[in-house]
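Colleague: upload_12.csv is reproduced below (CSV, C-alpha atoms).
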chain,number,residue,atom,x,y,z
A,1,MET,CA,0.0,0.0,0.0
A,2,GLY,CA,1.6,3.3,-1.1
A,3,TYR,CA,0.9,7.0,-0.6
A,4,TYR,CA,-1.7,8.6,-2.8
A,5,VAL,CA,-2.1,12.3,-3.4
A,6,GLY,CA,-5.3,14.2,-4.3
A,7,LEU,CA,-5.2,17.7,-5.7
A,8,ASP,CA,-8.1,20.0,-5.8
A,9,VAL,CA,-7.0,22.6,-8.4
A,10,ALA,CA,-8.2,26.1,-8.5
A,11,ARG,CA,-7.0,29.0,-10.7
A,12,ARG,CA,-4.3,30.2,-8.3
A,13,SER,CA,-4.2,27.6,-5.5
A,14,VAL,CA,-4.2,23.9,-4.9
A,15,ALA,CA,-5.5,21.9,-1.9
A,16,LEU,CA,-3.2,18.9,-1.5
A,17,CYS,CA,-4.1,15.8,0.5
A,18,VAL,CA,-1.8,12.7,1.0
A,19,ILE,CA,-3.3,9.4,2.3
A,20,TYR,CA,-1.8,6.1,3.3
A,21,ASP,CA,-3.9,3.0,3.8
A,22,GLY,CA,-7.0,5.2,3.7
A,23,GLU,CA,-5.9,7.5,6.5
A,24,ILE,CA,-5.0,11.2,6.0
A,25,VAL,CA,-1.3,11.7,6.4
A,26,LEU,CA,-0.8,15.3,5.2
A,27,GLU,CA,-2.8,18.2,4.1
A,28,ARG,CA,-1.6,21.5,2.7
A,29,ALA,CA,-2.7,24.5,0.6
A,30,LEU,CA,-0.2,25.5,-2.1
A,31,ALA,CA,0.1,27.9,-5.0
A,32,CYS,CA,-1.0,26.4,-8.3
A,33,GLU,CA,2.6,26.1,-9.6
A,34,VAL,CA,4.2,22.8,-10.7
A,35,ASP,CA,7.6,23.6,-9.1
A,36,GLU,CA,6.0,24.4,-5.7
A,37,ILE,CA,3.9,21.2,-5.7
A,38,ALA,CA,6.8,19.0,-6.9
A,39,ASP,CA,9.2,20.5,-4.3
A,40,TYR,CA,6.7,20.0,-1.5
A,41,LEU,CA,6.1,16.4,-2.4
A,42,HIS,CA,9.9,15.8,-2.7
A,43,SER,CA,10.4,17.3,0.8
A,44,PHE,CA,7.7,14.9,2.1
A,45,GLY,CA,10.2,12.2,1.6
A,46,LYS,CA,7.8,9.2,1.0
A,47,PRO,CA,7.3,7.3,-2.2
A,48,ILE,CA,4.2,8.6,-4.0
A,49,GLU,CA,2.2,5.9,-5.7
A,50,GLN,CA,-0.1,8.1,-7.7
A,51,ILE,CA,-1.2,11.7,-8.0
A,52,GLY,CA,-4.7,12.5,-9.2
A,53,PHE,CA,-6.8,15.6,-10.1
A,54,GLU,CA,-9.8,16.5,-12.1
A,55,ALA,CA,-9.8,17.6,-15.7
A,56,GLY,CA,-9.7,21.4,-16.0
A,57,THR,CA,-8.0,24.4,-17.5
A,58,MET,CA,-4.7,23.9,-15.6
A,59,SER,CA,-4.6,20.2,-16.2
A,60,GLN,CA,-2.2,20.1,-19.1
A,61,THR,CA,0.4,22.2,-17.3
A,62,LEU,CA,0.2,20.2,-14.1
A,63,PHE,CA,0.1,16.8,-15.8
A,64,HIS,CA,3.2,17.4,-18.0
A,65,GLY,CA,5.1,19.2,-15.2
A,66,LEU,CA,4.5,16.5,-12.5
A,67,THR,CA,5.2,13.7,-15.0
A,68,VAL,CA,8.5,15.3,-15.9
A,69,ALA,CA,9.2,15.5,-12.2
A,70,GLY,CA,9.0,11.7,-12.0
A,71,TYR,CA,5.5,11.2,-10.5
A,72,GLY,CA,2.8,8.9,-11.7
A,73,VAL,CA,-0.1,11.2,-12.6
A,74,VAL,CA,-3.8,10.4,-13.4
A,75,PHE,CA,-6.1,12.8,-15.1
A,76,MET,CA,-9.6,12.0,-14.1
A,77,GLU,CA,-13.0,12.7,-15.7
A,78,ALA,CA,-14.7,15.5,-13.8
A,79,ARG,CA,-18.2,13.9,-13.9
A,80,HIS,CA,-16.9,10.7,-12.2
A,81,VAL,CA,-15.1,12.7,-9.5
A,82,SER,CA,-18.2,14.9,-9.0
A,83,ALA,CA,-20.4,11.9,-8.5
A,84,ALA,CA,-18.0,10.4,-6.0
A,85,LEU,CA,-17.7,13.7,-4.0
A,86,SER,CA,-21.5,14.4,-4.0
A,87,ALA,CA,-22.0,12.3,-0.8
A,88,MET,CA,-20.0,14.8,1.2
A,89,ARG,CA,-22.0,17.1,3.4
A,90,ASN,CA,-19.8,20.1,3.1
A,91,LYS,CA,-18.0,21.1,-0.1
A,92,THR,CA,-14.7,22.7,0.5
A,93,ASP,CA,-11.4,22.6,-1.3
A,94,ARG,CA,-9.9,20.6,1.6
A,95,ASN,CA,-12.8,18.1,1.6
A,96,ASP,CA,-12.5,17.8,-2.2
A,97,ALA,CA,-8.8,17.0,-2.0
A,98,ARG,CA,-9.5,14.3,0.6
A,99,GLY,CA,-12.2,12.8,-1.6
A,100,ILE,CA,-10.0,12.9,-4.7
A,101,ALA,CA,-7.2,11.2,-2.9
A,102,GLN,CA,-9.6,8.4,-1.8
A,103,VAL,CA,-10.9,8.1,-5.4
A,104,VAL,CA,-7.3,7.7,-6.7
A,105,ARG,CA,-6.6,5.1,-4.1
A,106,SER,CA,-9.8,3.1,-4.9
A,107,GLY,CA,-9.3,3.3,-8.7
A,108,TRP,CA,-13.0,4.2,-9.1
A,109,PHE,CA,-12.5,6.7,-11.9
A,110,ARG,CA,-12.2,7.0,-15.6
A,111,GLU,CA,-8.8,8.3,-16.8
A,112,VAL,CA,-9.0,11.1,-19.4
A,113,HIS,CA,-6.6,11.1,-22.3
A,114,MET,CA,-4.1,13.9,-22.1
A,115,LYS,CA,-3.8,15.4,-25.6
A,116,SER,CA,-0.5,16.3,-27.2
A,117,PRO,CA,0.7,19.9,-27.4
A,118,GLU,CA,0.1,19.8,-31.2
A,119,SER,CA,-3.6,19.1,-30.6
A,120,HIS,CA,-3.9,21.9,-28.1
A,121,ASP,CA,-2.3,24.3,-30.7
A,122,ILE,CA,-4.8,23.2,-33.3
A,123,ARG,CA,-7.7,23.6,-30.8
A,124,THR,CA,-6.5,27.1,-29.9
A,125,LEU,CA,-6.4,28.1,-33.6
A,126,LEU,CA,-9.9,26.8,-34.2
A,127,THR,CA,-11.3,28.5,-31.1
A,128,SER,CA,-9.8,31.8,-32.1
A,129,ARG,CA,-11.4,31.5,-35.6
A,130,LYS,CA,-14.8,30.7,-34.0
A,131,ALA,CA,-14.5,33.7,-31.6
A,132,LEU,CA,-13.6,36.1,-34.4
A,133,VAL,CA,-16.5,35.1,-36.7
A,134,LYS,CA,-18.9,35.1,-33.7
A,135,HIS,CA,-18.1,38.7,-32.7
A,136,CYS,CA,-18.1,39.8,-36.3
A,137,ILE,CA,-21.7,38.5,-36.7
A,138,ASP,CA,-22.7,40.0,-33.4
A,139,LEU,CA,-21.6,43.5,-34.5
A,140,GLU,CA,-23.3,43.1,-37.9
A,141,ASN,CA,-26.6,42.1,-36.1
A,142,GLU,CA,-26.2,45.1,-33.7
A,143,ILE,CA,-25.8,47.5,-36.6
A,144,ARG,CA,-28.8,45.9,-38.4
A,145,GLY,CA,-31.0,46.3,-35.3
A,146,LEU,CA,-30.0,50.0,-34.8
A,147,LEU,CA,-30.7,50.8,-38.4
A,148,LYS,CA,-34.2,49.4,-38.2
A,149,VAL,CA,-35.1,52.1,-35.8
A,150,PHE,CA,-34.6,54.6,-38.6
A,151,GLY,CA,-36.6,52.5,-41.1
A,152,ILE,CA,-33.5,51.1,-42.8
A,153,ARG,CA,-33.8,47.3,-43.4
A,154,LEU,CA,-30.8,45.6,-44.8
A,155,PRO,CA,-31.1,42.4,-47.0
A,156,SER,CA,-31.3,39.3,-44.9
A,157,ALA,CA,-28.7,37.5,-47.0
A,158,LEU,CA,-25.7,39.8,-47.0
A,159,ASN,CA,-22.2,38.5,-47.3
A,160,HIS,CA,-19.7,39.5,-44.6
A,161,HIS,CA,-17.3,40.9,-47.2
A,162,ARG,CA,-20.1,43.1,-48.7
A,163,PHE,CA,-21.5,44.3,-45.4
A,164,ALA,CA,-19.3,47.4,-45.1
A,165,GLU,CA,-19.7,48.2,-48.8
A,166,MET,CA,-23.4,48.4,-48.5
A,167,VAL,CA,-23.7,49.9,-45.0
A,168,ARG,CA,-21.0,52.6,-45.0
A,169,PRO,CA,-22.7,55.0,-47.5
A,170,ILE,CA,-26.0,54.7,-45.5
A,171,ILE,CA,-24.2,55.6,-42.2
A,172,GLU,CA,-22.1,58.4,-43.6
A,173,ALA,CA,-25.1,60.1,-45.1
A,174,ASP,CA,-26.4,60.9,-41.6
A,175,GLU,CA,-24.0,62.7,-39.2
A,176,ALA,CA,-25.6,61.3,-36.1
A,177,LEU,CA,-25.6,57.8,-37.4
A,178,ALA,CA,-21.9,58.2,-38.5
A,179,PHE,CA,-20.9,59.3,-35.0
A,180,ALA,CA,-22.7,56.3,-33.4
A,181,LEU,CA,-22.2,53.5,-35.9
A,182,LEU,CA,-18.9,54.1,-37.7
A,183,PRO,CA,-16.8,52.9,-34.8
A,184,MET,CA,-18.8,49.7,-34.7
A,185,LEU,CA,-18.4,49.2,-38.5
A,186,GLU,CA,-14.6,49.8,-38.2
A,187,ALA,CA,-14.5,47.2,-35.4
A,188,GLN,CA,-16.5,44.7,-37.6
A,189,GLN,CA,-14.0,45.2,-40.5
A,190,ALA,CA,-11.1,44.7,-38.1
A,191,LEU,CA,-12.6,41.4,-36.9
A,192,LEU,CA,-13.4,40.3,-40.4
A,193,ALA,CA,-9.8,40.9,-41.5
A,194,GLY,CA,-8.6,38.9,-38.5
A,195,TYR,CA,-11.0,36.1,-39.3
A,196,GLN,CA,-9.9,36.0,-43.0
A,197,GLU,CA,-6.2,35.8,-41.9
A,198,ILE,CA,-6.8,33.0,-39.4
A,199,ASP,CA,-9.1,31.2,-41.8
A,200,ARG,CA,-6.1,31.1,-44.3
A,201,CYS,CA,-3.9,29.7,-41.5
A,202,VAL,CA,-6.5,27.0,-40.8
A,203,LYS,CA,-6.6,25.9,-44.5
A,204,LEU,CA,-2.8,26.1,-44.7
A,205,VAL,CA,-2.4,23.9,-41.6
A,206,ALA,CA,-5.0,21.4,-42.9
A,207,GLY,CA,-3.4,21.3,-46.4
A,208,SER,CA,0.0,20.5,-45.0
A,209,ASP,CA,-1.1,17.8,-42.6
A,210,PRO,CA,-1.3,14.3,-44.1
A,211,VAL,CA,-3.9,13.1,-41.7
A,212,CYS,CA,-6.2,16.0,-42.5
A,213,MET,CA,-5.7,15.5,-46.2
A,214,LEU,CA,-6.6,11.9,-45.8
A,215,MET,CA,-9.8,12.8,-43.9
A,216,MET,CA,-10.8,15.4,-46.6
A,217,THR,CA,-11.2,12.6,-49.1
A,218,ALA,CA,-14.5,11.9,-47.4
A,219,PRO,CA,-17.5,13.7,-48.7
A,220,GLY,CA,-18.6,16.8,-46.7
A,221,VAL,CA,-15.3,16.9,-44.7
A,222,GLY,CA,-13.4,20.2,-45.2
A,223,ALA,CA,-10.4,21.7,-43.5
A,224,VAL,CA,-12.2,22.8,-40.3
A,225,THR,CA,-14.0,19.5,-39.7
A,226,ALA,CA,-10.7,17.6,-40.3
A,227,LEU,CA,-8.8,19.8,-37.9
A,228,HIS,CA,-11.5,19.6,-35.3
A,229,PHE,CA,-11.6,15.8,-35.5
A,230,LYS,CA,-7.8,15.4,-35.4
A,231,ALA,CA,-7.4,17.7,-32.4
A,232,ALA,CA,-10.2,16.1,-30.5
A,233,ILE,CA,-9.1,12.5,-31.1
A,234,ASP,CA,-5.3,13.1,-31.0
A,235,ASP,CA,-4.6,9.3,-30.9
A,236,PRO,CA,-7.1,7.1,-32.9
A,237,THR,CA,-5.8,3.9,-31.3
A,238,ARG,CA,-6.9,5.0,-27.8
A,239,PHE,CA,-10.4,3.6,-28.6
A,240,THR,CA,-10.8,-0.2,-28.4
A,241,SER,CA,-13.3,0.1,-31.3
A,242,SER,CA,-14.0,2.9,-33.8
A,243,ARG,CA,-17.7,2.4,-32.9
A,244,LEU,CA,-17.0,4.2,-29.6
A,245,VAL,CA,-16.1,7.4,-31.3
A,246,GLY,CA,-19.7,8.3,-32.0
A,247,ALA,CA,-20.6,7.9,-28.3
A,248,HIS,CA,-17.4,9.9,-27.4
A,249,PHE,CA,-18.8,12.9,-29.2
A,250,GLY,CA,-22.4,12.5,-27.8
A,251,LEU,CA,-23.9,11.3,-31.1
A,252,THR,CA,-25.6,8.2,-29.5
A,253,PRO,CA,-29.0,8.1,-27.8
A,254,ARG,CA,-29.3,8.3,-24.0
A,255,ARG,CA,-30.7,5.2,-22.3
A,256,PHE,CA,-32.6,4.8,-19.0
A,257,GLN,CA,-33.2,1.2,-18.0
A,258,SER,CA,-34.5,0.1,-14.6
A,259,GLY,CA,-36.7,-2.9,-14.0
A,260,GLU,CA,-39.5,-3.0,-16.6
A,261,SER,CA,-38.6,0.5,-17.9
A,262,ASP,CA,-36.2,0.8,-20.8
A,263,ASN,CA,-36.4,4.2,-22.5
A,264,GLN,CA,-34.2,5.7,-25.1
A,265,GLY,CA,-34.0,9.4,-25.4
A,266,ARG,CA,-32.2,12.0,-27.5
A,267,ILE,CA,-28.5,12.0,-28.2
A,268,SER,CA,-26.4,12.5,-25.1
A,269,LYS,CA,-24.5,15.5,-26.4
A,270,ALA,CA,-21.5,14.5,-24.4
A,271,GLY,CA,-18.0,15.4,-25.3
A,272,ASP,CA,-16.7,18.2,-27.5
A,273,ALA,CA,-19.6,20.3,-28.8
A,274,ASP,CA,-17.5,21.9,-31.5
A,275,VAL,CA,-16.5,18.5,-33.0
A,276,ARG,CA,-20.2,17.4,-32.9
A,277,SER,CA,-21.3,20.5,-34.7
A,278,ALA,CA,-18.5,20.1,-37.3
A,279,LEU,CA,-19.5,16.5,-37.9
A,280,TYR,CA,-23.2,17.4,-38.2
A,281,SER,CA,-22.4,20.1,-40.8
A,282,ALA,CA,-20.2,17.6,-42.7
A,283,ALA,CA,-23.1,15.1,-42.7
A,284,HIS,CA,-25.6,17.8,-43.8
A,285,SER,CA,-23.3,18.7,-46.7
A,286,LEU,CA,-22.8,15.1,-47.6
A,287,LEU,CA,-26.6,14.5,-47.8
A,288,THR,CA,-27.5,17.8,-49.6
A,289,ARG,CA,-24.6,19.1,-51.6
A,290,THR,CA,-22.4,16.1,-52.5
A,291,ARG,CA,-23.4,14.9,-56.0
A,292,ILE,CA,-21.5,11.7,-56.2
A,293,MET,CA,-23.4,8.8,-54.7
A,294,SER,CA,-21.7,6.6,-52.0
A,295,PRO,CA,-23.0,3.8,-49.7
A,296,LEU,CA,-23.0,6.3,-46.8
A,297,LYS,CA,-25.1,8.8,-48.7
A,298,SER,CA,-27.5,6.1,-49.9
A,299,TRP,CA,-28.0,4.8,-46.4
A,300,GLY,CA,-28.6,8.4,-45.2
A,301,LEU,CA,-31.2,9.1,-47.8
A,302,ARG,CA,-33.1,5.9,-47.0
A,303,PHE,CA,-32.9,6.9,-43.3
A,304,ILE,CA,-34.5,10.3,-44.1
A,305,LYS,CA,-37.6,8.5,-45.6
A,306,THR,CA,-38.2,6.6,-42.4
A,307,LYS,CA,-36.9,8.8,-39.5
A,308,GLY,CA,-36.8,12.3,-40.9
A,309,ARG,CA,-33.9,14.6,-42.0
A,310,ARG,CA,-32.6,15.7,-38.6
A,311,ARG,CA,-32.3,12.2,-37.2
A,312,ALA,CA,-30.8,11.0,-40.5
A,313,THR,CA,-28.2,13.7,-40.4
A,314,VAL,CA,-27.2,12.8,-36.8
A,315,ALA,CA,-27.0,9.2,-37.8
A,316,VAL,CA,-24.8,10.0,-40.8
A,317,ALA,CA,-22.6,12.2,-38.6
A,318,ARG,CA,-22.1,9.3,-36.2
A,319,GLU,CA,-21.2,7.0,-39.0
A,320,LEU,CA,-18.9,9.6,-40.5
A,321,ALA,CA,-17.0,9.9,-37.2
A,322,ILE,CA,-16.5,6.1,-37.1
A,323,ILE,CA,-15.3,6.1,-40.7
A,324,LEU,CA,-12.9,9.0,-40.2
A,325,ASN,CA,-11.3,7.2,-37.2
A,326,ARG,CA,-10.9,4.0,-39.1
A,327,MET,CA,-9.4,5.8,-42.1
A,328,TRP,CA,-6.9,7.4,-39.8
A,329,ILE,CA,-5.9,4.1,-38.3
A,330,ASP,CA,-5.7,2.2,-41.6
A,331,GLY,CA,-4.2,5.1,-43.6
A,332,THR,CA,-6.8,4.6,-46.4
A,333,GLN,CA,-8.9,7.1,-48.3
A,334,PHE,CA,-12.7,7.2,-48.3
A,335,GLN,CA,-14.2,4.3,-50.3
A,336,TRP,CA,-16.8,5.7,-52.7
A,337,ASN,CA,-18.3,2.3,-53.8
A,338,ASP,CA,-18.4,-1.3,-52.8
A,339,GLN,CA,-15.7,-2.3,-55.3
A,340,GLU,CA,-13.2,0.1,-53.8
A,341,ALA,CA,-14.0,-1.2,-50.3
A,342,ILE,CA,-13.4,-4.8,-51.3
A,343,ALA,CA,-10.2,-3.9,-53.1
Spell out the structure here as structure tokens.
Modeller:
Amino acid sequence: MGYYVGLDVARRSVALCVIYDGEIVLERALACEVDEIADYLHSFGKPIEQIGFEAGTMSQTLFHGLTVAGYGVVFMEARHVSAALSAMRNKTDRNDARGIAQVVRSGWFREVHMKSPESHDIRTLLTSRKALVKHCIDLENEIRGLLKVFGIRLPSALNHHRFAEMVRPIIEADEALAFALLPMLEAQQALLAGYQEIDRCVKLVAGSDPVCMLMMTAPGVGAVTALHFKAAIDDPTRFTSSRLVGAHFGLTPRRFQSGESDNQGRISKAGDADVRSALYSAAHSLLTRTRIMSPLKSWGLRFIKTKGRRRATVAVARELAIILNRMWIDGTQFQWNDQEAIA
């Protein structure tokens, strides 16, 4: 029986608890710094069996830092830890650290895969792109709403690139409008320029990555979907079966079974929402825009007739996730017909 350490991680502080044979040996509040935690555990002078903490924003730094320091670190799924700690009467950082240490000792947790620095870099790029386009749209909608007060209604379908070209003359024609709205329009143009630049970077990164190029042979899958999928999966072999990828991204129905009751609900929507959204968009494009027929599209079109378009698109997105994971493992391109698949 070794020493187990539980860390309750906050933004600036860490509650540390060390247990041995189920009994609390040491408790301490430390700054959320890898060096300080590693030095304190080293000064403890006892062999540490395992260190555990929940998934969070500081997880990557702590995981890699403590691993380099020579400690065995487990990165636990927050939902499992929360369920284990829910029985405690009082929720404090100290009690959470105690509970986490006991969870690590018992092994009743699901370990989360720690993604590579490359995956985090890709995720940061995609998140920045999403934030820029979101704020750009927000400013456009704000300008639209303010212009309606003066009876000016802009076309509903107006391209981002043509927005300033159409709106600027209207605003500049009125001095009061120009004073109020020109700064917003300039901000929208700055955001749009930033979005265009980062969008070029996204396409450049996807075009130079062999895994993304392989995924983009599948219908409906573009640079953004391929990068989202690659960054979220990181290691395709970490799944015992490619069938689990659909459930990993929340594309499988929930199920509640107890006694005589056995009910299936809507999809769980677990996992990365951005990846789920990208897969749904790819599936929608496959069903509505891709002209070349494939077994996947034929199956999806038959599904539409029996279950409806939305359910069919979700089902195709789930199958697409499974296919992309298998393509990545096998290093094969998308098979457009049965003859290619047999070959």
Colleague: From the set A:Gly331, A:Pro253, A:Gly207, A:Gly271, which residue has the shortest atom-to-atom contact distance to Val314 of chain A, counting all atoms listed in the file?
Modeller: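 Of all the options, A:Pro253 lies closest to Val314 of chain A.
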Colleague: Which of these, A:Tyr280, A:Trp328, A:Tyr3, A:Phe163, has the shortest distance to Gly250 of chain A once you count all atoms listed in the file?
Modeller: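 Nearest to Gly250 of chain A: A:Tyr280.
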Colleague: So which residues touch Thr127 of chain A within 12 Å, counting only C-alpha atoms, skipping near sequence neighbours fewer than 4 positions away, as a list in words?
Modeller: His120, Asp121, Ile122, Arg123, Ala131, Leu132, Val133, Lys134, Tyr195, Ile198, Asp199, Val202, Val224, Leu227, His228, Ala231, Ala273, Asp274 and Val275 of chain A
Colleague: What residues have an atom no more than 8 Å from (-24.9, 10.5, -44.0) in the file's own frame, counting all atoms listed in the file, and can you write them as a list in words?
Modeller: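 Applying the cut-off with all atoms listed in the file, one gets Ala283, His284, Leu286, Leu287, Leu296, Lys297, Ser298, Trp299, Gly300, Leu301, Ala312, Thr313, Val314, Ala315, Val316, Ala317, Glu319 and Leu320 of chain A.
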Colleague: Contacts of Arg153 of chain A at 8 Å or less, counting all atoms listed in the file, minus same-chain residues fewer than 3 places along, as a list in words?
Modeller: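 What passes the distance filter is Arg144, Leu147 and Lys148 of chain A.
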Colleague: Work out how far apart atom CA of Val167 of chain A and atom CA of Val149 of chain A are and give it in Å to one decimal.
Modeller: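 Separation between atom CA of Val167 of chain A and atom CA of Val149 of chain A: 14.8 Å.
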Colleague: From the structure block, carefully write segment 9-18 of chain A out with all heavy atoms; format it as an mmCIF file, in the first residue's frame.
Modeller:
data_model
loop_
_atom_site.group_PDB
_atom_site.id
_atom_site.type_symbol
_atom_site.label_atom_id
_atom_site.label_comp_id
_atom_site.auth_asym_id
_atom_site.auth_seq_id
_atom_site.Cartn_x
_atom_site.Cartn_y
_atom_site.Cartn_z
ATOM 1 N N VAL A 9 -7.691 21.470 -7.707
ATOM 2 C CA VAL A 9 -6.995 22.551 -8.411
ATOM 3 C C VAL A 9 -7.941 23.722 -8.646
ATOM 4 O O VAL A 9 -9.027 23.552 -9.205
ATOM 5 C CB VAL A 9 -6.436 22.051 -9.759
ATOM 6 C CG1 VAL A 9 -5.666 23.161 -10.464
ATOM 7 C CG2 VAL A 9 -5.543 20.841 -9.540
ATOM 8 N N ALA A 10 -7.529 24.904 -8.207
ATOM 9 C CA ALA A 10 -8.215 26.149 -8.530
ATOM 10 C C ALA A 10 -7.310 26.961 -9.458
ATOM 11 O O ALA A 10 -6.246 26.498 -9.871
ATOM 12 C CB ALA A 10 -8.538 26.933 -7.256
ATOM 13 N N ARG A 11 -7.731 28.170 -9.773
ATOM 14 C CA ARG A 11 -6.962 28.963 -10.725
ATOM 15 C C ARG A 11 -5.604 29.373 -10.154
ATOM 16 O O ARG A 11 -4.600 29.347 -10.855
ATOM 17 C CB ARG A 11 -7.744 30.216 -11.114
ATOM 18 C CG ARG A 11 -7.070 31.027 -12.215
ATOM 19 C CD ARG A 11 -7.930 32.171 -12.671
ATOM 20 N NE ARG A 11 -8.232 33.097 -11.586
ATOM 21 C CZ ARG A 11 -8.905 34.231 -11.743
ATOM 22 N NH1 ARG A 11 -9.384 34.552 -12.930
ATOM 23 N NH2 ARG A 11 -9.139 35.030 -10.722
ATOM 24 N N ARG A 12 -5.571 29.718 -8.852
ATOM 25 C CA ARG A 12 -4.323 30.198 -8.259
ATOM 26 C C ARG A 12 -3.809 29.327 -7.122
ATOM 27 O O ARG A 12 -2.665 29.478 -6.704
ATOM 28 C CB ARG A 12 -4.510 31.632 -7.738
ATOM 29 C CG ARG A 12 -4.921 32.623 -8.817
ATOM 30 C CD ARG A 12 -4.995 34.034 -8.269
ATOM 31 N NE ARG A 12 -5.495 34.967 -9.263
ATOM 32 C CZ ARG A 12 -4.762 35.524 -10.227
ATOM 33 N NH1 ARG A 12 -3.468 35.230 -10.304
ATOM 34 N NH2 ARG A 12 -5.302 36.355 -11.092
ATOM 35 N N SER A 13 -4.632 28.439 -6.611
ATOM 36 C CA SER A 13 -4.224 27.628 -5.458
ATOM 37 C C SER A 13 -4.571 26.163 -5.673
ATOM 38 O O SER A 13 -5.382 25.812 -6.542
ATOM 39 C CB SER A 13 -4.903 28.141 -4.178
ATOM 40 O OG SER A 13 -6.304 28.011 -4.294
ATOM 41 N N VAL A 14 -3.950 25.324 -4.855
ATOM 42 C CA VAL A 14 -4.175 23.879 -4.911
ATOM 43 C C VAL A 14 -4.306 23.363 -3.488
ATOM 44 O O VAL A 14 -3.462 23.667 -2.634
ATOM 45 C CB VAL A 14 -3.016 23.154 -5.621
ATOM 46 C CG1 VAL A 14 -3.147 21.639 -5.451
ATOM 47 C CG2 VAL A 14 -2.990 23.493 -7.093
ATOM 48 N N ALA A 15 -5.361 22.593 -3.220
ATOM 49 C CA ALA A 15 -5.498 21.896 -1.945
ATOM 50 C C ALA A 15 -4.930 20.495 -2.117
ATOM 51 O O ALA A 15 -5.359 19.746 -2.997
ATOM 52 C CB ALA A 15 -6.953 21.839 -1.514
ATOM 53 N N LEU A 16 -3.931 20.149 -1.317
ATOM 54 C CA LEU A 16 -3.224 18.869 -1.450
ATOM 55 C C LEU A 16 -3.538 17.985 -0.252
ATOM 56 O O LEU A 16 -3.551 18.459 0.899
ATOM 57 C CB LEU A 16 -1.720 19.126 -1.558
ATOM 58 C CG LEU A 16 -0.791 17.923 -1.701
ATOM 59 C CD1 LEU A 16 0.418 18.289 -2.582
ATOM 60 C CD2 LEU A 16 -0.271 17.444 -0.339
ATOM 61 N N CYS A 17 -3.804 16.733 -0.528
ATOM 62 C CA CYS A 17 -4.058 15.758 0.537
ATOM 63 C C CYS A 17 -3.312 14.468 0.216
ATOM 64 O O CYS A 17 -3.407 13.956 -0.905
ATOM 65 C CB CYS A 17 -5.557 15.480 0.671
ATOM 66 S SG CYS A 17 -5.956 14.222 1.924
ATOM 67 N N VAL A 18 -2.565 13.950 1.193
ATOM 68 C CA VAL A 18 -1.832 12.693 1.037
ATOM 69 C C VAL A 18 -2.445 11.674 1.990
ATOM 70 O O VAL A 18 -2.642 11.968 3.177
ATOM 71 C CB VAL A 18 -0.333 12.865 1.363
ATOM 72 C CG1 VAL A 18 0.416 11.546 1.162
ATOM 73 C CG2 VAL A 18 0.283 13.962 0.504
#
